[in-house]
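Participant: Handing over run-v4.csv, CSV, C-alpha atoms.
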```
chain,number,residue,atom,x,y,z
A,1,MET,CA,-5.6,14.8,1.1
A,2,SER,CA,-7.3,15.8,-2.0
A,3,THR,CA,-10.3,18.1,-2.3
A,4,ALA,CA,-12.7,18.4,-5.2
A,5,ALA,CA,-14.3,21.8,-5.5
A,6,GLN,CA,-17.3,21.3,-7.7
A,7,SER,CA,-19.4,23.6,-9.7
A,8,THR,CA,-21.5,22.6,-12.6
A,9,ARG,CA,-18.9,23.9,-15.0
A,10,THR,CA,-15.5,23.1,-13.6
A,11,LEU,CA,-14.1,20.2,-11.6
A,12,VAL,CA,-11.0,20.9,-9.5
A,13,VAL,CA,-8.9,18.2,-7.7
A,14,GLU,CA,-5.8,19.3,-5.8
A,15,ARG,CA,-3.3,17.7,-3.5
A,16,VAL,CA,0.2,18.4,-2.1
A,17,PHE,CA,2.8,15.8,-2.9
A,18,PRO,CA,6.0,15.5,-0.9
A,19,HIS,CA,8.1,15.6,-4.1
A,20,PRO,CA,9.7,18.4,-6.1
A,21,PRO,CA,8.0,19.9,-9.1
A,22,GLU,CA,10.6,18.4,-11.5
A,23,LYS,CA,9.5,14.9,-10.5
A,24,LEU,CA,5.8,15.7,-10.8
A,25,TRP,CA,6.4,17.2,-14.2
A,26,ARG,CA,8.1,14.0,-15.4
A,27,ALA,CA,5.1,12.0,-14.2
A,28,LEU,CA,2.7,14.3,-16.0
A,29,THR,CA,4.6,14.5,-19.3
A,30,GLU,CA,6.7,11.3,-19.9
A,31,GLY,CA,4.6,8.7,-21.7
A,32,PRO,CA,5.8,5.6,-20.0
A,33,LEU,CA,5.4,7.2,-16.5
A,34,LEU,CA,1.9,8.6,-17.5
A,35,ALA,CA,0.9,5.1,-18.5
A,36,GLN,CA,1.6,3.9,-14.9
A,37,TRP,CA,-1.0,6.2,-13.3
A,38,MET,CA,-3.2,7.7,-16.1
A,39,MET,CA,-3.6,5.5,-19.1
A,40,ASN,CA,-1.7,4.0,-22.0
A,41,ASN,CA,-0.8,6.9,-24.3
A,42,ASP,CA,1.3,8.4,-27.0
A,43,PHE,CA,1.6,11.7,-25.2
A,44,GLU,CA,4.4,14.2,-25.9
A,45,PRO,CA,4.6,17.7,-24.2
A,46,VAL,CA,4.7,19.7,-27.4
A,47,PRO,CA,2.0,22.4,-28.1
A,48,GLY,CA,-0.3,21.4,-31.0
A,49,ARG,CA,0.6,17.7,-30.7
A,50,LYS,CA,-2.4,15.3,-30.9
A,51,PHE,CA,-2.4,12.2,-28.7
A,52,GLN,CA,-4.6,9.5,-27.3
A,53,PHE,CA,-5.2,8.0,-23.9
A,54,ARG,CA,-6.5,4.5,-24.3
A,55,ASN,CA,-8.6,2.5,-21.8
A,56,GLU,CA,-10.5,-0.8,-22.1
A,57,PRO,CA,-13.6,-0.2,-24.2
A,58,LYS,CA,-16.8,0.2,-22.1
A,59,PRO,CA,-20.5,0.2,-23.1
A,60,ASN,CA,-21.2,3.5,-24.8
A,61,TRP,CA,-17.5,4.4,-24.9
A,62,ASN,CA,-14.7,3.0,-27.0
A,63,GLY,CA,-12.2,3.7,-24.2
A,64,ILE,CA,-10.3,6.4,-26.2
A,65,VAL,CA,-9.6,9.9,-25.1
A,66,ASP,CA,-8.5,12.2,-27.9
A,67,GLY,CA,-6.3,15.0,-26.8
A,68,GLU,CA,-4.3,17.9,-28.2
A,69,VAL,CA,-1.6,19.7,-26.2
A,70,LEU,CA,-2.5,23.4,-25.6
A,71,VAL,CA,0.0,24.7,-23.1
A,72,VAL,CA,3.4,23.5,-22.0
A,73,GLU,CA,5.3,25.6,-19.3
A,74,PRO,CA,7.8,23.2,-17.8
A,75,MET,CA,7.4,22.6,-14.1
A,76,LYS,CA,4.5,25.1,-14.0
A,77,ARG,CA,1.6,24.5,-16.3
A,78,LEU,CA,0.3,21.9,-18.7
A,79,SER,CA,-2.9,21.9,-20.5
A,80,TYR,CA,-4.6,19.7,-23.1
A,81,ASN,CA,-8.0,19.2,-24.4
A,82,TRP,CA,-9.8,16.0,-23.7
A,83,ALA,CA,-12.5,14.6,-26.1
A,84,VAL,CA,-14.5,11.5,-25.5
A,85,GLY,CA,-16.6,9.8,-28.2
A,86,LYS,CA,-14.9,11.6,-31.1
A,87,SER,CA,-15.8,10.2,-34.5
A,88,GLU,CA,-15.8,11.2,-38.2
A,89,ASP,CA,-19.2,12.9,-37.8
A,90,SER,CA,-18.9,14.2,-34.3
A,91,PRO,CA,-16.3,16.1,-32.3
A,92,GLY,CA,-17.4,14.2,-29.2
A,93,LEU,CA,-17.7,15.6,-25.7
A,94,GLN,CA,-15.0,18.1,-25.1
A,95,TRP,CA,-13.2,19.3,-22.0
A,96,ILE,CA,-10.0,21.2,-21.2
A,97,VAL,CA,-7.7,19.8,-18.6
A,98,LEU,CA,-5.2,22.2,-16.9
A,99,TRP,CA,-2.5,21.1,-14.6
A,100,THR,CA,-0.9,23.7,-12.4
A,101,LEU,CA,2.2,23.0,-10.2
A,102,THR,CA,3.2,25.3,-7.4
A,103,PRO,CA,6.2,24.7,-5.2
A,104,VAL,CA,5.3,24.7,-1.5
A,105,GLU,CA,7.3,23.9,1.6
A,106,GLY,CA,8.2,20.2,1.5
A,107,GLY,CA,6.8,19.5,-1.8
A,108,THR,CA,4.5,20.5,-4.7
A,109,HIS,CA,0.9,21.6,-4.8
A,110,LEU,CA,-0.7,20.0,-7.8
A,111,ARG,CA,-4.0,21.3,-9.2
A,112,MET,CA,-6.1,19.6,-11.9
A,113,GLU,CA,-8.9,21.7,-13.4
A,114,GLN,CA,-11.3,20.1,-15.9
A,115,SER,CA,-13.7,22.4,-17.6
A,116,GLY,CA,-16.3,21.7,-20.2
A,117,PHE,CA,-17.2,23.2,-23.4
A,118,GLY,CA,-19.9,22.4,-25.9
A,119,PRO,CA,-19.6,19.6,-28.4
A,120,ASP,CA,-19.7,22.1,-31.2
A,121,GLN,CA,-16.7,24.1,-30.0
A,122,GLN,CA,-13.8,21.9,-31.0
A,123,ALA,CA,-10.6,23.6,-29.8
A,124,ASN,CA,-12.1,27.0,-30.5
A,125,TYR,CA,-12.9,27.7,-26.9
A,126,ASN,CA,-12.2,31.5,-27.1
A,127,GLY,CA,-15.3,32.4,-28.9
A,128,ALA,CA,-17.4,29.9,-27.0
A,129,LYS,CA,-20.8,31.3,-27.9
A,130,TYR,CA,-22.8,28.3,-27.0
A,131,GLY,CA,-20.3,27.0,-24.6
A,132,TRP,CA,-20.7,24.7,-21.7
A,133,HIS,CA,-20.9,27.5,-19.3
A,134,LYS,CA,-24.1,28.9,-20.7
A,135,MET,CA,-25.4,25.4,-21.2
A,136,PHE,CA,-24.8,24.4,-17.6
A,137,ASP,CA,-26.3,27.6,-16.4
A,138,SER,CA,-29.5,26.9,-18.2
A,139,LEU,CA,-29.5,23.3,-17.1
A,140,GLU,CA,-29.1,24.4,-13.5
A,141,ARG,CA,-32.1,26.6,-13.9
A,142,VAL,CA,-34.1,24.0,-15.6
A,143,LEU,CA,-33.3,21.5,-12.9
A,144,GLU,CA,-34.3,23.9,-10.2
A,145,GLU,CA,-37.5,24.8,-11.9
A,146,SER,CA,-38.4,21.2,-12.5
A,147,LYS,CA,-37.8,20.4,-8.9
A,148,ALA,CA,-39.9,23.4,-7.8
A,149,ASN,CA,-42.7,22.2,-10.1
A,150,ALA,CA,-42.6,18.6,-8.9
B,1,MET,CA,-14.9,6.2,-15.8
B,2,VAL,CA,-17.4,8.4,-17.6
B,3,LEU,CA,-20.2,7.4,-19.9
B,4,HIS,CA,-21.3,4.0,-18.6
B,5,VAL,CA,-24.6,5.4,-17.7
B,6,THR,CA,-27.9,3.5,-18.2
B,7,HIS,CA,-29.9,6.5,-19.4
B,8,ALA,CA,-30.3,7.7,-23.0
B,9,ASN,CA,-27.0,7.8,-24.8
B,10,PRO,CA,-25.2,10.8,-23.2
B,11,ASN,CA,-23.9,11.8,-26.6
B,12,HIS,CA,-27.5,12.3,-27.7
B,13,VAL,CA,-28.3,14.4,-24.6
B,14,PHE,CA,-25.2,16.6,-25.0
B,15,ARG,CA,-25.7,17.0,-28.7
B,16,ALA,CA,-29.4,17.8,-28.3
B,17,LEU,CA,-28.7,20.5,-25.8
B,18,ALA,CA,-25.7,22.0,-27.6
B,19,ASP,CA,-28.1,23.8,-30.0
B,20,PRO,CA,-29.5,27.1,-28.6
B,21,THR,CA,-32.9,26.7,-30.3
B,22,ARG,CA,-33.4,23.1,-29.0
B,23,ARG,CA,-32.3,24.3,-25.6
B,24,ALA,CA,-34.9,27.1,-25.7
B,25,ILE,CA,-37.6,24.6,-26.8
B,26,PHE,CA,-36.7,22.3,-24.0
B,27,GLU,CA,-36.7,25.1,-21.4
B,28,GLU,CA,-40.0,26.3,-22.7
B,29,LEU,CA,-41.5,22.9,-22.2
B,30,THR,CA,-40.1,22.6,-18.8
B,31,ARG,CA,-41.5,26.0,-17.8
B,32,GLN,CA,-44.9,25.8,-19.5
B,33,GLY,CA,-45.7,22.1,-19.4
B,34,GLU,CA,-47.2,20.5,-22.4
B,35,GLN,CA,-47.2,22.4,-25.7
B,36,THR,CA,-48.4,21.8,-29.2
B,37,VAL,CA,-46.0,22.0,-32.1
B,38,HIS,CA,-47.8,25.2,-33.2
B,39,ALA,CA,-47.3,26.9,-29.9
B,40,LEU,CA,-43.6,25.9,-29.9
B,41,THR,CA,-43.2,27.2,-33.4
B,42,ARG,CA,-44.6,30.6,-32.4
B,43,TYR,CA,-42.3,30.6,-29.4
B,44,ALA,CA,-39.2,29.5,-31.2
B,45,GLY,CA,-39.6,31.9,-34.1
B,46,VAL,CA,-38.4,29.4,-36.7
B,47,SER,CA,-40.4,27.4,-39.3
B,48,GLN,CA,-42.5,24.5,-38.2
B,49,PRO,CA,-40.4,21.9,-40.1
B,50,ALA,CA,-37.4,23.3,-38.3
B,51,VAL,CA,-39.2,22.9,-35.0
B,52,SER,CA,-40.2,19.4,-35.9
B,53,LYS,CA,-36.6,18.5,-36.7
B,54,HIS,CA,-35.5,19.9,-33.4
B,55,LEU,CA,-38.2,17.9,-31.5
B,56,THR,CA,-37.0,14.7,-33.2
B,57,VAL,CA,-33.5,15.3,-31.9
B,58,LEU,CA,-34.9,16.0,-28.4
B,59,LYS,CA,-37.0,12.9,-28.6
B,60,ARG,CA,-34.0,10.7,-29.5
B,61,ALA,CA,-32.2,12.1,-26.4
B,62,LYS,CA,-35.4,11.2,-24.4
B,63,LEU,CA,-35.6,14.8,-23.3
B,64,VAL,CA,-39.2,15.2,-24.6
B,65,ARG,CA,-42.1,12.9,-25.2
B,66,HIS,CA,-45.2,13.4,-27.3
B,67,ARG,CA,-48.8,12.3,-27.7
B,68,ARG,CA,-51.3,12.9,-30.5
B,69,GLU,CA,-54.7,14.4,-30.0
B,70,GLY,CA,-56.7,14.9,-33.2
B,71,ARG,CA,-54.5,16.7,-35.6
B,72,GLU,CA,-52.2,18.2,-33.0
B,73,THR,CA,-49.1,16.7,-31.5
B,74,HIS,CA,-48.4,17.7,-27.9
B,75,TYR,CA,-44.9,17.6,-26.4
B,76,HIS,CA,-43.8,17.6,-22.8
B,77,ALA,CA,-40.3,17.7,-21.2
B,78,GLN,CA,-38.7,14.8,-19.5
B,79,PRO,CA,-36.1,16.5,-17.2
B,80,ASP,CA,-34.9,13.2,-15.8
B,81,ALA,CA,-33.2,12.6,-19.1
B,82,LEU,CA,-30.6,15.2,-17.9
B,83,ALA,CA,-29.1,12.8,-15.5
B,84,PRO,CA,-26.2,11.8,-17.8
B,85,MET,CA,-25.1,15.4,-17.8
B,86,VAL,CA,-25.5,16.0,-14.1
B,87,ASN,CA,-23.5,12.8,-13.4
B,88,TRP,CA,-20.4,13.8,-15.3
B,89,LEU,CA,-18.9,15.7,-12.4
B,90,ASP,CA,-19.4,12.9,-10.0
B,91,LEU,CA,-18.0,10.4,-12.4
B,92,TYR,CA,-14.9,12.5,-13.2
B,93,GLY,CA,-14.5,13.5,-9.6
B,94,ALA,CA,-14.1,9.8,-8.6
B,95,PHE,CA,-11.9,9.2,-11.7
B,96,TRP,CA,-9.4,12.0,-10.9
B,97,ARG,CA,-9.2,11.2,-7.2
B,98,GLU,CA,-8.3,7.6,-8.1
B,99,ARG,CA,-5.7,8.8,-10.6
B,100,PHE,CA,-4.2,11.1,-7.9
B,101,ASP,CA,-3.8,8.1,-5.6
B,102,ARG,CA,-2.0,6.2,-8.4
B,103,LEU,CA,0.2,9.2,-9.1
B,104,GLU,CA,1.2,9.3,-5.4
B,105,ASP,CA,2.2,5.6,-5.6
B,106,LEU,CA,4.2,6.2,-8.7
B,107,LEU,CA,6.0,9.2,-7.2
B,108,GLN,CA,7.1,7.1,-4.3
B,109,ARG,CA,8.5,4.4,-6.6
B,110,MET,CA,10.3,6.9,-8.9
B,111,GLU,CA,14.0,7.8,-8.5
B,112,PRO,CA,14.3,11.2,-6.8
```
Mind turning this structure into structure tokens?

Facilitator:
Amino acid sequence: MSTAAQSTRTLVVERVFPHPPEKLWRALTEGPLLAQWMMNNDFEPVPGRKFQFRNEPKPNWNGIVDGEVLVVEPMKRLSYNWAVGKSEDSPGLQWIVLWTLTPVEGGTHLRMEQSGFGPDQQANYNGAKYGWHKMFDSLERVLEESKANA
Amino acid sequence: MVLHVTHANPNHVFRALADPTRRAIFEELTRQGEQTVHALTRYAGVSQPAVSKHLTVLKRAKLVRHRREGRETHYHAQPDALAPMVNWLDLYGAFWRERFDRLEDLLQRMEP
């Protein structure tokens, strides 16, 4: 079973797999294995390494996810940023993806957390002044208000 | 997965609202209803050319519309244009659940 706890700022999907953390870690970090369930890629689990996930192009999207590895803690945590629509004149839409592995009886609990930050932020999410959080807060308010006025 | 939405180009919507002044103008229009460029300039506390530039970006994202009346241009909000942003969680939710299913299949095929 998987669950998706949703707020407007963070998306969480988690599931317990009947496999050891070592095996999950390989599936999350080895390019040829990643390609079998995520997307074609040139991923390497090295902090600072830039990589791409490649899909078929779609309308409004060239099919490419640009990433940069942020955190590598073998068998425990893996994090990278995730940018869609990146081009010379735009950083694109940016998210941070964080994978957390926790050993549990009979397997591994895997948690994927995707959180969003503003297109102006690049990887500089620490000083996120105009970050997604604030942005979604105000959007939520706007949506509620426009509903109330309708 | 994400971004095949039939609304305004989501990049335009995200980019338009990433700027705090534009966000403030958009929120003001949502709260107050239709406003003239003059009124918005007083509210935003920046120059009128700057406000006009922001309004152009909001227009391109289909977040505002305008009409002319005499010498004044009146703007109003189009909150429906926010749909591409509201949809991202749904789209990615479906995306990740599908990937988790594929991961489960892969783990079963992998050597222990």

Participant: Please provide the set of residues having any atom within 9 Å of Leu63 (chain B), restricted to all atoms listed in the file, with same-chain residues fewer than 6 positions apart removed, written as a PDB file with C-alpha atoms, keeping the file's coordinate frame.

Facilitator:
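As a result, out.pdb now contains:
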```pdb
ATOM      1  CA  ALA B   8     -30.300   7.700 -23.000  1.00  0.00           C
ATOM      2  CA  VAL B  13     -28.300  14.400 -24.600  1.00  0.00           C
ATOM      3  CA  ALA B  16     -29.400  17.800 -28.300  1.00  0.00           C
ATOM      4  CA  PHE B  26     -36.700  22.300 -24.000  1.00  0.00           C
ATOM      5  CA  VAL B  57     -33.500  15.300 -31.900  1.00  0.00           C
ATOM      6  CA  HIS B  76     -43.800  17.600 -22.800  1.00  0.00           C
ATOM      7  CA  ALA B  77     -40.300  17.700 -21.200  1.00  0.00           C
ATOM      8  CA  GLN B  78     -38.700  14.800 -19.500  1.00  0.00           C
ATOM      9  CA  PRO B  79     -36.100  16.500 -17.200  1.00  0.00           C
ATOM     10  CA  ASP B  80     -34.900  13.200 -15.800  1.00  0.00           C
ATOM     11  CA  ALA B  81     -33.200  12.600 -19.100  1.00  0.00           C
ATOM     12  CA  LEU B  82     -30.600  15.200 -17.900  1.00  0.00           C
TER      13      LEU B  82
END
```

Participant: Taking into account only C-alpha atoms, which residue in the set A:Ala83, A:Ile64, A:Leu93, A:Leu98 is nearest to chain B?

Facilitator: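 Nearest to chain B: A:Leu93.
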
Participant: Which residue gives the smallest distance to Glu72 (chain B) among B:Leu106, B:Ala24, B:Ala39, B:Ala18, with all atoms listed in the file counted?

Facilitator: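 Residue with the minimum atom-to-atom distance to Glu72 (chain B): B:Ala39.
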
Participant: Could you tell me how far CA of Glu113 (chain A) lies from CA of Pro32 (chain A), in Å and to one decimal?

Facilitator: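 Taking CA of Glu113 (chain A) as the start and CA of Pro32 (chain A) as the end point, the length is 22.8 Å.
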
Participant: Work out how far CA of Gly85 (chain A) is from CA of Glu56 (chain A), in Å to one decimal.

Facilitator: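 Taking CA of Glu56 (chain A) and CA of Gly85 (chain A), their separation equals 13.7 Å.
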
Participant: Taking into account all atoms listed in the file, which residue in the set B:Tyr75, B:Phe95, B:Phe14, B:Tyr43 is nearest to Leu29 (chain B)?

Facilitator: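 Nearest to Leu29 (chain B): B:Tyr75.
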
Participant: Suppose you want the space between CA of Arg15 (chain B) and CA of Trp95 (chain A); what is it in Å?

Facilitator: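 Between CA of Arg15 (chain B) and CA of Trp95 (chain A) the gap is 14.4 Å.
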
Participant: Name all residues at most 7 Å from Met39 (chain A) (count only C-alpha atoms; drop same-chain ones fewer than 4 positions away) and give them as a list in words.

Facilitator: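 Listing them by chain and then by number gives Leu34, Ala35, Phe53, Arg54 and Asn55 of chain A.
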
Participant: Please save C-alpha atoms of the selected residues as a tab-separated table (two decimals), in the frame of the given file.

Facilitator:
```
chain	number	residue	atom	x	y	z
A	34	LEU	CA	1.90	8.60	-17.50
A	35	ALA	CA	0.90	5.10	-18.50
A	53	PHE	CA	-5.20	8.00	-23.90
A	54	ARG	CA	-6.50	4.50	-24.30
A	55	ASN	CA	-8.60	2.50	-21.80
```

Participant: Which residues of chain B come within 8 Å of chain A, and what is each one's closest atom pair and distance in Å (one decimal), counting all atoms listed in the file, sorted by chain and residue number, as JSON lines?

Facilitator:
```
{"residue": "B:Leu3", "atom": "CA", "partner": "A:Asn60", "partner_atom": "CA", "distance": 6.3}
{"residue": "B:His4", "atom": "CA", "partner": "A:Pro59", "partner_atom": "CA", "distance": 5.9}
{"residue": "B:Asn9", "atom": "CA", "partner": "A:Asn60", "partner_atom": "CA", "distance": 7.2}
{"residue": "B:Asn11", "atom": "CA", "partner": "A:Leu93", "partner_atom": "CA", "distance": 7.3}
{"residue": "B:Phe14", "atom": "CA", "partner": "A:Pro119", "partner_atom": "CA", "distance": 7.2}
{"residue": "B:Arg15", "atom": "CA", "partner": "A:Pro119", "partner_atom": "CA", "distance": 6.6}
{"residue": "B:Leu17", "atom": "CA", "partner": "A:Met135", "partner_atom": "CA", "distance": 7.5}
{"residue": "B:Ala18", "atom": "CA", "partner": "A:Gly118", "partner_atom": "CA", "distance": 6.1}
{"residue": "B:Asp19", "atom": "CA", "partner": "A:Tyr130", "partner_atom": "CA", "distance": 7.6}
{"residue": "B:Pro20", "atom": "CA", "partner": "A:Tyr130", "partner_atom": "CA", "distance": 7.0}
{"residue": "B:Glu27", "atom": "CA", "partner": "A:Val142", "partner_atom": "CA", "distance": 6.5}
{"residue": "B:Thr30", "atom": "CA", "partner": "A:Ser146", "partner_atom": "CA", "distance": 6.7}
{"residue": "B:Arg31", "atom": "CA", "partner": "A:Glu145", "partner_atom": "CA", "distance": 7.2}
{"residue": "B:Pro79", "atom": "CA", "partner": "A:Ser146", "partner_atom": "CA", "distance": 7.0}
{"residue": "B:Val86", "atom": "CA", "partner": "A:Thr8", "partner_atom": "CA", "distance": 7.9}
{"residue": "B:Leu89", "atom": "CA", "partner": "A:Leu11", "partner_atom": "CA", "distance": 6.6}
{"residue": "B:Tyr92", "atom": "CA", "partner": "A:Leu11", "partner_atom": "CA", "distance": 7.9}
{"residue": "B:Gly93", "atom": "CA", "partner": "A:Ala4", "partner_atom": "CA", "distance": 6.8}
{"residue": "B:Trp96", "atom": "CA", "partner": "A:Val13", "partner_atom": "CA", "distance": 7.0}
{"residue": "B:Arg97", "atom": "CA", "partner": "A:Val13", "partner_atom": "CA", "distance": 7.0}
{"residue": "B:Arg99", "atom": "CA", "partner": "A:Trp37", "partner_atom": "CA", "distance": 6.0}
{"residue": "B:Phe100", "atom": "CA", "partner": "A:Trp37", "partner_atom": "CA", "distance": 8.0}
{"residue": "B:Arg102", "atom": "CA", "partner": "A:Trp37", "partner_atom": "CA", "distance": 5.0}
{"residue": "B:Leu103", "atom": "CA", "partner": "A:Trp37", "partner_atom": "CA", "distance": 5.3}
{"residue": "B:Glu104", "atom": "CA", "partner": "A:Phe17", "partner_atom": "CA", "distance": 7.1}
{"residue": "B:Leu106", "atom": "CA", "partner": "A:Trp37", "partner_atom": "CA", "distance": 6.9}
{"residue": "B:Leu107", "atom": "CA", "partner": "A:His19", "partner_atom": "CA", "distance": 7.4}
{"residue": "B:Pro112", "atom": "CA", "partner": "A:Lys23", "partner_atom": "CA", "distance": 7.1}
```

Participant: From (-6.0, 13.4, -25.3), in the file's coordinates, out to 8 Å: which residues are reached, counting only C-alpha atoms? Answer as a ChimeraX atom specification.

Facilitator: /A:43,50-53,65-69,80-83

Participant: Dump C-alpha atoms for the selected residues as an mmCIF file, in the coordinates of the input?

Facilitator:
```cif
data_model
loop_
_atom_site.group_PDB
_atom_site.id
_atom_site.type_symbol
_atom_site.label_atom_id
_atom_site.label_comp_id
_atom_site.auth_asym_id
_atom_site.auth_seq_id
_atom_site.Cartn_x
_atom_site.Cartn_y
_atom_site.Cartn_z
ATOM 1 C CA PHE A 43 1.600 11.700 -25.200
ATOM 2 C CA LYS A 50 -2.400 15.300 -30.900
ATOM 3 C CA PHE A 51 -2.400 12.200 -28.700
ATOM 4 C CA GLN A 52 -4.600 9.500 -27.300
ATOM 5 C CA PHE A 53 -5.200 8.000 -23.900
ATOM 6 C CA VAL A 65 -9.600 9.900 -25.100
ATOM 7 C CA ASP A 66 -8.500 12.200 -27.900
ATOM 8 C CA GLY A 67 -6.300 15.000 -26.800
ATOM 9 C CA GLU A 68 -4.300 17.900 -28.200
ATOM 10 C CA VAL A 69 -1.600 19.700 -26.200
ATOM 11 C CA TYR A 80 -4.600 19.700 -23.100
ATOM 12 C CA ASN A 81 -8.000 19.200 -24.400
ATOM 13 C CA TRP A 82 -9.800 16.000 -23.700
ATOM 14 C CA ALA A 83 -12.500 14.600 -26.100
#
```

Participant: Please list as number ranges by chain every residue within 8 Å of Lys76 (chain A), counting all atoms listed in the file and excluding residues in the same chain fewer than 5 positions away.

Facilitator: A: 21, 100-102
